[in-house]
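Heads up, model12.cif below (mmCIF, C-alpha atoms):
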data_structure
loop_
_atom_site.label_atom_id
_atom_site.label_comp_id
_atom_site.auth_asym_id
_atom_site.auth_seq_id
_atom_site.Cartn_x
_atom_site.Cartn_y
_atom_site.Cartn_z
CA MET A 38 -44.35 -97.16 35.00
CA SER A 39 -42.51 -93.99 35.86
CA HIS A 40 -39.99 -92.25 33.67
CA LEU A 41 -37.35 -92.92 36.31
CA THR A 42 -37.79 -96.66 35.89
CA SER A 43 -37.16 -96.56 32.17
CA VAL A 44 -34.11 -94.33 32.60
CA MET A 45 -32.81 -96.81 35.17
CA ALA A 46 -33.46 -99.69 32.78
CA LEU A 47 -31.49 -97.88 30.07
CA LYS A 48 -28.61 -97.25 32.49
CA ALA A 49 -28.65 -100.91 33.47
CA LEU A 50 -28.53 -101.88 29.77
CA ASP A 51 -25.44 -99.66 29.40
CA GLY A 52 -23.81 -101.33 32.37
CA LEU A 53 -24.66 -104.82 31.17
CA SER A 54 -23.35 -104.24 27.67
CA GLU A 55 -20.12 -102.93 29.18
CA ARG A 56 -19.98 -106.03 31.38
CA ALA A 57 -20.35 -108.19 28.25
CA GLU A 58 -17.38 -106.38 26.72
CA VAL A 59 -15.26 -106.82 29.83
CA THR A 60 -16.17 -110.51 30.11
CA SER A 61 -15.21 -111.01 26.47
CA GLU A 62 -11.92 -109.25 27.17
CA ASN A 63 -11.23 -111.51 30.17
CA ILE A 64 -12.02 -114.66 28.20
CA ALA A 65 -9.94 -113.48 25.23
CA ASN A 66 -7.02 -113.11 27.65
CA ALA A 67 -7.54 -116.53 29.27
CA ASN A 68 -4.07 -117.63 28.13
CA THR A 69 -2.28 -114.36 28.85
CA PRO A 70 0.29 -115.00 31.59
CA GLY A 71 -0.16 -112.76 34.63
CA TYR A 72 -3.41 -111.24 33.34
CA ARG A 73 -5.72 -109.98 36.07
CA PRO A 74 -9.39 -110.07 35.13
CA LEU A 75 -11.52 -106.92 35.01
CA LYS A 76 -15.02 -106.45 36.32
CA VAL A 77 -17.83 -103.93 35.86
CA SER A 78 -19.88 -102.59 38.74
CA PHE A 79 -22.90 -100.33 38.44
CA GLU A 80 -25.76 -101.98 40.37
CA ASP A 81 -24.87 -100.53 43.78
CA SER A 82 -24.38 -96.97 42.55
CA LEU A 83 -27.59 -97.24 40.51
CA ARG A 84 -29.48 -98.38 43.61
CA VAL A 85 -28.14 -95.44 45.64
CA ALA A 86 -28.87 -93.01 42.82
CA ALA A 87 -32.45 -94.26 42.51
CA ASP A 88 -33.23 -92.79 45.92
CA GLN A 89 -31.71 -89.44 44.99
CA GLY A 90 -33.69 -88.81 41.84
CA MET A 91 -33.35 -88.47 38.11
CA ASP A 92 -30.17 -86.38 37.94
CA ALA A 93 -28.27 -88.82 40.11
CA VAL A 94 -29.47 -91.76 37.99
CA ASN A 95 -28.42 -89.97 34.81
CA ALA A 96 -24.94 -89.40 36.25
CA VAL A 97 -24.32 -93.08 37.00
CA GLN A 98 -21.46 -94.51 34.95
CA PRO A 99 -20.45 -98.19 34.95
CA LYS A 100 -17.08 -98.63 36.64
CA ILE A 101 -14.37 -100.95 35.29
CA GLU A 102 -11.86 -102.18 37.82
CA ARG A 103 -9.48 -105.06 38.47
CA ASP A 104 -11.24 -108.05 39.99
CA ASN A 105 -9.80 -108.82 43.43
CA ASP A 106 -11.82 -112.01 43.80
CA PRO A 107 -9.42 -114.61 45.28
CA ALA A 108 -10.90 -117.23 42.92
CA GLU A 109 -9.33 -115.32 40.03
CA ALA A 110 -5.99 -114.71 41.74
CA SER A 111 -4.14 -117.32 39.69
CA GLY A 112 -5.55 -116.19 36.37
CA VAL A 113 -8.85 -116.12 34.54
CA ARG A 114 -11.42 -118.69 35.70
CA LEU A 115 -13.08 -119.62 32.43
CA ASP A 116 -16.12 -121.22 34.12
CA LEU A 117 -16.89 -118.12 36.19
CA GLN A 118 -16.43 -115.84 33.21
CA MET A 119 -18.68 -117.98 31.03
CA ALA A 120 -21.32 -117.93 33.77
CA THR A 121 -21.03 -114.13 33.94
CA ALA A 122 -21.43 -113.94 30.16
CA SER A 123 -24.67 -115.93 30.20
CA VAL A 124 -26.10 -114.15 33.28
CA THR A 125 -25.34 -110.79 31.67
CA SER A 126 -27.02 -111.84 28.46
CA ALA A 127 -30.11 -113.12 30.30
CA ARG A 128 -30.47 -109.93 32.37
CA TYR A 129 -30.07 -107.85 29.25
CA ALA A 130 -32.86 -109.82 27.58
CA ALA A 131 -35.09 -109.34 30.64
CA LEU A 132 -34.57 -105.58 30.63
CA ILE A 133 -35.33 -105.39 26.92
CA GLN A 134 -38.53 -107.30 27.67
CA ILE A 135 -39.49 -104.76 30.35
CA LEU A 136 -38.85 -101.82 28.03
CA SER A 137 -40.78 -103.53 25.24
CA LEU A 138 -43.78 -104.05 27.53
CA GLN A 139 -43.65 -100.42 28.52
CA MET A 140 -43.64 -99.41 24.86
CA GLN A 141 -46.59 -101.73 24.22
CA HIS A 142 -48.53 -100.02 27.01
CA ALA A 143 -47.70 -96.62 25.56
CA ARG A 144 -48.86 -97.78 22.14
CA MET A 145 -52.07 -99.08 23.64
CA ALA A 146 -52.67 -95.75 25.36
CA ILE A 147 -52.04 -93.83 22.15
CA GLY A 148 -54.26 -96.19 20.11
CA SER A 149 -57.68 -94.95 19.00
CA ASN A 150 -59.85 -97.29 21.05
CA MET B 164 -20.94 -104.39 19.59
CA LYS B 165 -17.34 -104.42 20.70
CA ALA B 166 -17.81 -107.59 22.77
CA MET B 167 -18.08 -109.69 19.61
CA GLU B 168 -14.92 -108.18 18.12
CA ILE B 169 -13.06 -108.86 21.37
CA SER B 170 -14.20 -112.50 21.34
CA MET B 171 -13.18 -112.72 17.70
CA SER B 172 -9.65 -111.61 18.55
CA GLY B 173 -9.60 -114.35 21.19
CA LEU B 174 -10.74 -116.95 18.65
CA ASP B 175 -8.01 -115.82 16.26
CA VAL B 176 -5.22 -115.98 18.84
CA GLU B 177 -6.28 -119.39 20.21
CA TRP B 178 -6.60 -120.78 16.69
CA ARG B 179 -3.07 -119.66 15.90
CA ARG B 180 -1.83 -121.13 19.18
CA LEU B 181 -3.39 -124.43 18.13
CA GLU B 182 -1.58 -124.22 14.78
CA VAL B 183 1.74 -123.75 16.56
CA ILE B 184 1.08 -126.77 18.80
CA ALA B 185 0.10 -128.86 15.76
CA ASN B 186 3.33 -127.77 14.09
CA ASN B 187 5.34 -128.79 17.15
CA LEU B 188 3.77 -132.24 17.21
CA ALA B 189 4.13 -132.66 13.44
CA ASN B 190 7.83 -131.88 13.72
CA ALA B 191 8.48 -134.12 16.72
CA ASN B 192 10.90 -136.20 14.62
CA THR B 193 12.43 -133.46 12.48
CA VAL B 194 16.18 -133.79 13.01
CA SER B 195 17.37 -131.08 10.66
CA THR B 196 15.95 -127.69 9.82
CA PRO B 197 17.13 -125.00 7.37
CA ASP B 198 18.63 -123.17 10.38
CA GLY B 199 20.65 -126.27 11.28
CA GLY B 200 20.06 -128.54 14.23
CA PRO B 201 16.85 -130.32 15.19
CA TYR B 202 13.44 -128.63 15.23
CA ARG B 203 12.73 -126.57 18.34
CA ALA B 204 9.27 -126.43 19.89
CA MET B 205 7.69 -123.00 19.44
CA ARG B 206 5.40 -121.07 21.76
CA LEU B 207 2.98 -118.36 20.73
CA LEU B 208 3.26 -115.26 22.90
CA SER B 209 0.03 -113.36 23.30
CA GLY B 210 -1.35 -110.64 25.52
CA PRO B 211 -3.87 -107.84 25.77
CA LYS B 212 -4.06 -105.55 22.75
CA THR B 213 -4.12 -102.27 24.65
CA SER B 214 -2.98 -98.75 24.21
CA PHE B 215 -1.20 -96.77 26.90
CA LYS B 216 -4.55 -95.22 27.77
CA GLY B 217 -5.92 -98.73 28.13
CA HIS B 218 -3.27 -99.58 30.72
CA MET B 219 -4.04 -96.46 32.70
CA GLY B 220 -7.73 -96.14 32.21
CA THR B 221 -10.80 -97.47 33.86
CA ASP B 222 -13.04 -96.84 30.89
CA ALA B 223 -14.09 -99.22 28.16
CA SER B 224 -11.80 -97.70 25.51
CA GLY B 225 -8.97 -99.90 26.78
CA LEU B 226 -10.81 -103.09 25.87
CA ASN B 227 -9.38 -104.21 22.56
CA GLY B 228 -9.16 -107.95 23.02
CA VAL B 229 -6.04 -110.02 22.66
CA ALA B 230 -3.19 -110.02 20.16
CA VAL B 231 -0.27 -112.19 19.10
CA TYR B 232 2.99 -110.66 20.33
CA GLY B 233 5.27 -113.13 18.59
CA MET B 234 6.81 -116.57 18.66
CA GLU B 235 9.47 -117.93 20.92
CA ALA B 236 11.49 -121.13 20.62
CA GLU B 237 11.47 -123.32 23.71
CA ASP B 238 14.94 -124.09 25.06
CA THR B 239 14.38 -127.73 25.94
CA PRO B 240 17.60 -129.59 25.05
CA PRO B 241 17.41 -132.12 22.18
CA HIS B 242 17.66 -135.75 23.11
CA LYS B 243 20.35 -137.84 21.47
CA VAL B 244 19.77 -141.27 20.00
CA HIS B 245 22.62 -143.47 18.81
CA GLU B 246 21.90 -144.12 15.12
CA PRO B 247 25.22 -144.44 13.28
CA GLY B 248 23.49 -145.29 9.98
CA ASN B 249 21.42 -142.10 9.95
CA PRO B 250 22.78 -139.43 7.54
CA ALA B 251 21.97 -136.81 10.18
CA ALA B 252 24.24 -138.49 12.76
CA ASP B 253 27.17 -136.54 14.21
CA ALA B 254 30.79 -137.75 14.57
CA ASN B 255 29.83 -140.01 17.48
CA GLY B 256 26.96 -141.57 15.53
CA ASP B 257 24.34 -139.73 17.60
CA VAL B 258 21.26 -138.10 16.10
CA SER B 259 19.73 -135.11 17.92
CA TYR B 260 15.94 -135.37 18.06
CA PRO B 261 13.81 -132.36 19.06
CA GLY B 262 13.30 -132.14 22.81
CA ILE B 263 9.53 -131.89 22.56
CA ASP B 264 7.60 -132.44 25.78
CA HIS B 265 4.58 -134.31 24.46
CA ALA B 266 2.64 -134.12 27.72
CA ALA B 267 3.14 -130.35 27.88
CA GLU B 268 2.05 -129.97 24.25
CA MET B 269 -1.10 -132.03 24.84
CA MET B 270 -1.93 -130.08 27.99
CA LEU B 271 -1.50 -126.79 26.19
CA MET B 272 -3.64 -128.11 23.35
CA ILE B 273 -6.51 -128.90 25.74
CA LYS B 274 -6.15 -125.52 27.44
CA THR B 275 -6.15 -123.78 24.07
CA SER B 276 -9.21 -125.62 22.85
CA ARG B 277 -11.08 -124.81 26.10
CA ALA B 278 -10.17 -121.14 25.73
CA TYR B 279 -11.38 -121.25 22.12
CA GLU B 280 -14.72 -122.70 23.24
CA ALA B 281 -15.05 -120.09 25.98
CA ASN B 282 -14.54 -117.35 23.40
CA LEU B 283 -17.32 -118.89 21.32
CA VAL B 284 -19.65 -118.91 24.34
CA ALA B 285 -18.90 -115.26 25.10
CA MET B 286 -19.43 -114.38 21.46
CA ASN B 287 -22.81 -116.14 21.39
CA ALA B 288 -23.88 -114.39 24.60
CA ALA B 289 -22.96 -111.03 23.06
CA ARG B 290 -24.73 -111.94 19.82
CA GLU B 291 -27.88 -112.84 21.75
CA MET B 292 -27.79 -109.46 23.49
CA TYR B 293 -27.38 -107.74 20.15
CA VAL B 294 -30.28 -109.63 18.56
CA LYS B 295 -32.47 -109.01 21.62
CA SER B 296 -31.85 -105.29 21.47
CA LEU B 297 -33.15 -105.33 17.89
CA ASP B 298 -36.37 -106.83 19.30
CA MET B 299 -37.07 -103.81 21.45
CA GLY B 300 -40.53 -102.36 20.86
CA HIS B 301 -41.94 -105.50 19.22
#
Structure encoded using structure tokens:
Amino acid sequence: MSHLTSVMALKALDGLSERAEVTSENIANANTPGYRPLKVSFEDSLRVAADQGMDAVNAVQPKIERDNDPAEASGVRLDLQMATASVTSARYAALIQILSLQMQHARMAIGSN
Amino acid sequence: MKAMEISMSGLDVEWRRLEVIANNLANANTVSTPDGGPYRAMRLLSGPKTSFKGHMGTDASGLNGVAVYGMEAEDTPPHKVHEPGNPAADANGDVSYPGIDHAAEMMLMIKTSRAYEANLVAMNAAREMYVKSLDMGH
């Protein structure tokens, strides 16, 4: 696995943990009148940066913006936010798994036999 | 992990909202209060706990969860019941009972309890992420 892949995985972990924070914020404000939910986007810019090389990937920052999804126009949709929370958590776990495997391989390579 | 603190603030606010609703229902028949007049239904006002920077910004520093802003009395008029024998009756023999909208209170209670549960789910998701990250390298 290349170094670029692990840097991308770390960037994705950053983005996902920020998404978890934003989802928590949205759910915490479920009963705030007139509250417009926030969302985090980083996947698209990460994909573009991946083609441009390491420096571009390093420069990627997760973006927080107001969610213009019409489903959320009349306030926070708790079901959608809860789904986002669990998807985010699952993806985070998957990325950790990938990084762990990579570390295992490195350990194996370093090992005496 | 800020996500867990944010969810905790949500749990706190929804819990307090539930207490206010319980208080409204418990006082549905309270005809006199220390302030005079029948009990008035209260509403908890809450909103995002943000700084000025948080309102402007598009970075994560503006995410501070939710906070209680205060309490507000509902201005539903009391309903009068003719009870001449009641010591709380006025000159016409009418007693003013709190104008509590039971259906609205129950609806708000369900909404509040759903929001509380959602905060718990978000908190557990964040906790799982936190625990998983401790697993890295194993």
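Taken over the whole file, the PyMOL selection byres ((chain B and resi 243-258) around 8) covers exactly B:Val194, B:Ser195, B:Pro241, B:His242, B:Ser259, B:Tyr260.
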Among the residues B:Gly173, B:Gly225, B:Gly233, B:Pro201, the one that comes closest to chain A [using only C-alpha atoms] |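 The shortest atom-to-atom distance to chain A comes from B:Gly173.
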Leaving out Gln139 of chain A and any residue of its chain fewer than 4 positions from it, which residues lie within 12 Å of it when counting only C-alpha atoms, given as an mmCIF file with C-alpha atoms, in the frame of the given file?
data_model
loop_
_atom_site.group_PDB
_atom_site.id
_atom_site.type_symbol
_atom_site.label_atom_id
_atom_site.label_comp_id
_atom_site.auth_asym_id
_atom_site.auth_seq_id
_atom_site.Cartn_x
_atom_site.Cartn_y
_atom_site.Cartn_z
ATOM 1 C CA MET A 38 -44.350 -97.160 35.000
ATOM 2 C CA SER A 39 -42.510 -93.990 35.860
ATOM 3 C CA HIS A 40 -39.990 -92.250 33.670
ATOM 4 C CA THR A 42 -37.790 -96.660 35.890
ATOM 5 C CA SER A 43 -37.160 -96.560 32.170
ATOM 6 C CA ALA A 46 -33.460 -99.690 32.780
ATOM 7 C CA LEU A 132 -34.570 -105.580 30.630
ATOM 8 C CA ILE A 133 -35.330 -105.390 26.920
ATOM 9 C CA GLN A 134 -38.530 -107.300 27.670
ATOM 10 C CA ILE A 135 -39.490 -104.760 30.350
ATOM 11 C CA ALA A 143 -47.700 -96.620 25.560
ATOM 12 C CA ARG A 144 -48.860 -97.780 22.140
ATOM 13 C CA MET A 145 -52.070 -99.080 23.640
ATOM 14 C CA ALA A 146 -52.670 -95.750 25.360
ATOM 15 C CA MET B 299 -37.070 -103.810 21.450
ATOM 16 C CA GLY B 300 -40.530 -102.360 20.860
ATOM 17 C CA HIS B 301 -41.940 -105.500 19.220
#
Once 3 Å is added on each side, what centre and edge lengths in Å to one decimal does the axis-aligned box around all listed atoms of segment 164-182 of chain B have, as JSON?
{"center_x": -11.3, "center_y": -114.4, "center_z": 18.8, "size_x": 25.4, "size_y": 26.0, "size_z": 14.0}
What are the residues of chain A lining chain B at 8 Å or less? Count only C-alpha atoms, and put the answer as a PDB file with C-alpha atoms, keeping the file's coordinate frame.
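And here's out.pdb as it stands now:
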ATOM      1  CA  GLU A  55     -20.120-102.930  29.180  1.00  0.00           C
ATOM      2  CA  ALA A  57     -20.350-108.190  28.250  1.00  0.00           C
ATOM      3  CA  GLU A  58     -17.380-106.380  26.720  1.00  0.00           C
ATOM      4  CA  VAL A  59     -15.260-106.820  29.830  1.00  0.00           C
ATOM      5  CA  THR A  60     -16.170-110.510  30.110  1.00  0.00           C
ATOM      6  CA  SER A  61     -15.210-111.010  26.470  1.00  0.00           C
ATOM      7  CA  GLU A  62     -11.920-109.250  27.170  1.00  0.00           C
ATOM      8  CA  ILE A  64     -12.020-114.660  28.200  1.00  0.00           C
ATOM      9  CA  ALA A  65      -9.940-113.480  25.230  1.00  0.00           C
ATOM     10  CA  ASN A  66      -7.020-113.110  27.650  1.00  0.00           C
ATOM     11  CA  ALA A  67      -7.540-116.530  29.270  1.00  0.00           C
ATOM     12  CA  ASN A  68      -4.070-117.630  28.130  1.00  0.00           C
ATOM     13  CA  THR A  69      -2.280-114.360  28.850  1.00  0.00           C
ATOM     14  CA  PRO A  70       0.290-115.000  31.590  1.00  0.00           C
ATOM     15  CA  LYS A 100     -17.080 -98.630  36.640  1.00  0.00           C
ATOM     16  CA  ILE A 101     -14.370-100.950  35.290  1.00  0.00           C
ATOM     17  CA  GLU A 102     -11.860-102.180  37.820  1.00  0.00           C
ATOM     18  CA  LEU A 115     -13.080-119.620  32.430  1.00  0.00           C
ATOM     19  CA  MET A 119     -18.680-117.980  31.030  1.00  0.00           C
ATOM     20  CA  ALA A 122     -21.430-113.940  30.160  1.00  0.00           C
ATOM     21  CA  SER A 123     -24.670-115.930  30.200  1.00  0.00           C
ATOM     22  CA  SER A 126     -27.020-111.840  28.460  1.00  0.00           C
ATOM     23  CA  TYR A 129     -30.070-107.850  29.250  1.00  0.00           C
ATOM     24  CA  ALA A 130     -32.860-109.820  27.580  1.00  0.00           C
ATOM     25  CA  ILE A 133     -35.330-105.390  26.920  1.00  0.00           C
ATOM     26  CA  GLN A 134     -38.530-107.300  27.670  1.00  0.00           C
ATOM     27  CA  LEU A 136     -38.850-101.820  28.030  1.00  0.00           C
ATOM     28  CA  SER A 137     -40.780-103.530  25.240  1.00  0.00           C
ATOM     29  CA  LEU A 138     -43.780-104.050  27.530  1.00  0.00           C
ATOM     30  CA  MET A 140     -43.640 -99.410  24.860  1.00  0.00           C
ATOM     31  CA  GLN A 141     -46.590-101.730  24.220  1.00  0.00           C
TER      32      GLN A 141
END
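Note that the spacing between atom CA of Val124 of chain A and atom CA of Tyr72 of chain A amounts to 22.9 Å.
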For each of A:Val44, A:Ala127, A:Met91, A:Ala110, take the minimum atom-to-atom distance to Leu75 of chain A, counting all atoms listed in the file, then give the residue where this is smallest.
->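 That would be A:Ala110, the residue with the smallest distance to Leu75 of chain A.
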What gap, in Å, lies between atom CA of Glu80 of chain A and atom CA of Ala93 of chain A?
->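 Computing it gives 13.4 Å between the two atoms.
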So what do you get for atom CA of Thr125 of chain A versus atom CA of Ser54 of chain A, distance-wise?
-> 7.9 Å
For the file shown, report as a PDB file with C-alpha atoms, keeping the file's coordinate frame the outcome of the PyMOL selection byres ((chain A and resi 112) around 7) at residue level.
ATOM      1  CA  GLY A  71      -0.160-112.760  34.630  1.00  0.00           C
ATOM      2  CA  TYR A  72      -3.410-111.240  33.340  1.00  0.00           C
ATOM      3  CA  ARG A  73      -5.720-109.980  36.070  1.00  0.00           C
ATOM      4  CA  GLU A 109      -9.330-115.320  40.030  1.00  0.00           C
ATOM      5  CA  ALA A 110      -5.990-114.710  41.740  1.00  0.00           C
ATOM      6  CA  SER A 111      -4.140-117.320  39.690  1.00  0.00           C
ATOM      7  CA  VAL A 113      -8.850-116.120  34.540  1.00  0.00           C
ATOM      8  CA  ARG A 114     -11.420-118.690  35.700  1.00  0.00           C
TER       9      ARG A 114
END
Please build the interface table for segment 203-258 of chain B against segment 182-192 of chain B with a cut-off of 7 Å, listing for each qualifying residue the nearest atom pair and the distance in Å to one decimal; count all atoms listed in the file, order rows by chain and increasing number, and write it as a Markdown table.
| residue | atom | partner | partner_atom | distance |
| --- | --- | --- | --- | --- |
| B:Ala204 | CA | B:Asn187 | CA | 5.3 |
| B:Met205 | CA | B:Val183 | CA | 6.7 |
| B:Arg206 | CA | B:Val183 | CA | 6.9 |
| B:Leu207 | CA | B:Val183 | CA | 6.9 |
Spatial neighbours of Lys48 of chain A, max dist 9 Å, only C-alpha atoms, sep filter under 3 positions, as an mmCIF file with C-alpha atoms, in the coordinates of the input:
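Once everything was written out, this is out_23.cif:
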data_model
loop_
_atom_site.group_PDB
_atom_site.id
_atom_site.type_symbol
_atom_site.label_atom_id
_atom_site.label_comp_id
_atom_site.auth_asym_id
_atom_site.auth_seq_id
_atom_site.Cartn_x
_atom_site.Cartn_y
_atom_site.Cartn_z
ATOM 1 C CA SER A 43 -37.160 -96.560 32.170
ATOM 2 C CA VAL A 44 -34.110 -94.330 32.600
ATOM 3 C CA MET A 45 -32.810 -96.810 35.170
ATOM 4 C CA ASP A 51 -25.440 -99.660 29.400
ATOM 5 C CA GLY A 52 -23.810 -101.330 32.370
ATOM 6 C CA LEU A 53 -24.660 -104.820 31.170
ATOM 7 C CA PHE A 79 -22.900 -100.330 38.440
ATOM 8 C CA LEU A 83 -27.590 -97.240 40.510
ATOM 9 C CA VAL A 94 -29.470 -91.760 37.990
ATOM 10 C CA ASN A 95 -28.420 -89.970 34.810
ATOM 11 C CA VAL A 97 -24.320 -93.080 37.000
ATOM 12 C CA GLN A 98 -21.460 -94.510 34.950
ATOM 13 C CA PRO A 99 -20.450 -98.190 34.950
#
Could you state which residues are captured by the PyMOL selection byres ((chain B and resi 238) around 9) in this file, as a ChimeraX atom specification?
-> /B:203-204,236-237,239-241,262
For the residues in the current selection, export C-alpha atoms as an mmCIF file, in the frame of the given file.
data_model
loop_
_atom_site.group_PDB
_atom_site.id
_atom_site.type_symbol
_atom_site.label_atom_id
_atom_site.label_comp_id
_atom_site.auth_asym_id
_atom_site.auth_seq_id
_atom_site.Cartn_x
_atom_site.Cartn_y
_atom_site.Cartn_z
ATOM 1 C CA ARG B 203 12.730 -126.570 18.340
ATOM 2 C CA ALA B 204 9.270 -126.430 19.890
ATOM 3 C CA ALA B 236 11.490 -121.130 20.620
ATOM 4 C CA GLU B 237 11.470 -123.320 23.710
ATOM 5 C CA THR B 239 14.380 -127.730 25.940
ATOM 6 C CA PRO B 240 17.600 -129.590 25.050
ATOM 7 C CA PRO B 241 17.410 -132.120 22.180
ATOM 8 C CA GLY B 262 13.300 -132.140 22.810
#
When distances are computed from only C-alpha atoms, which of A:Asn63, A:Gly90, A:Arg103, A:Arg56 shows the smallest separation from Val77 of chain A?
->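 Once distances to Val77 of chain A are computed over only C-alpha atoms, the minimum belongs to A:Arg56.
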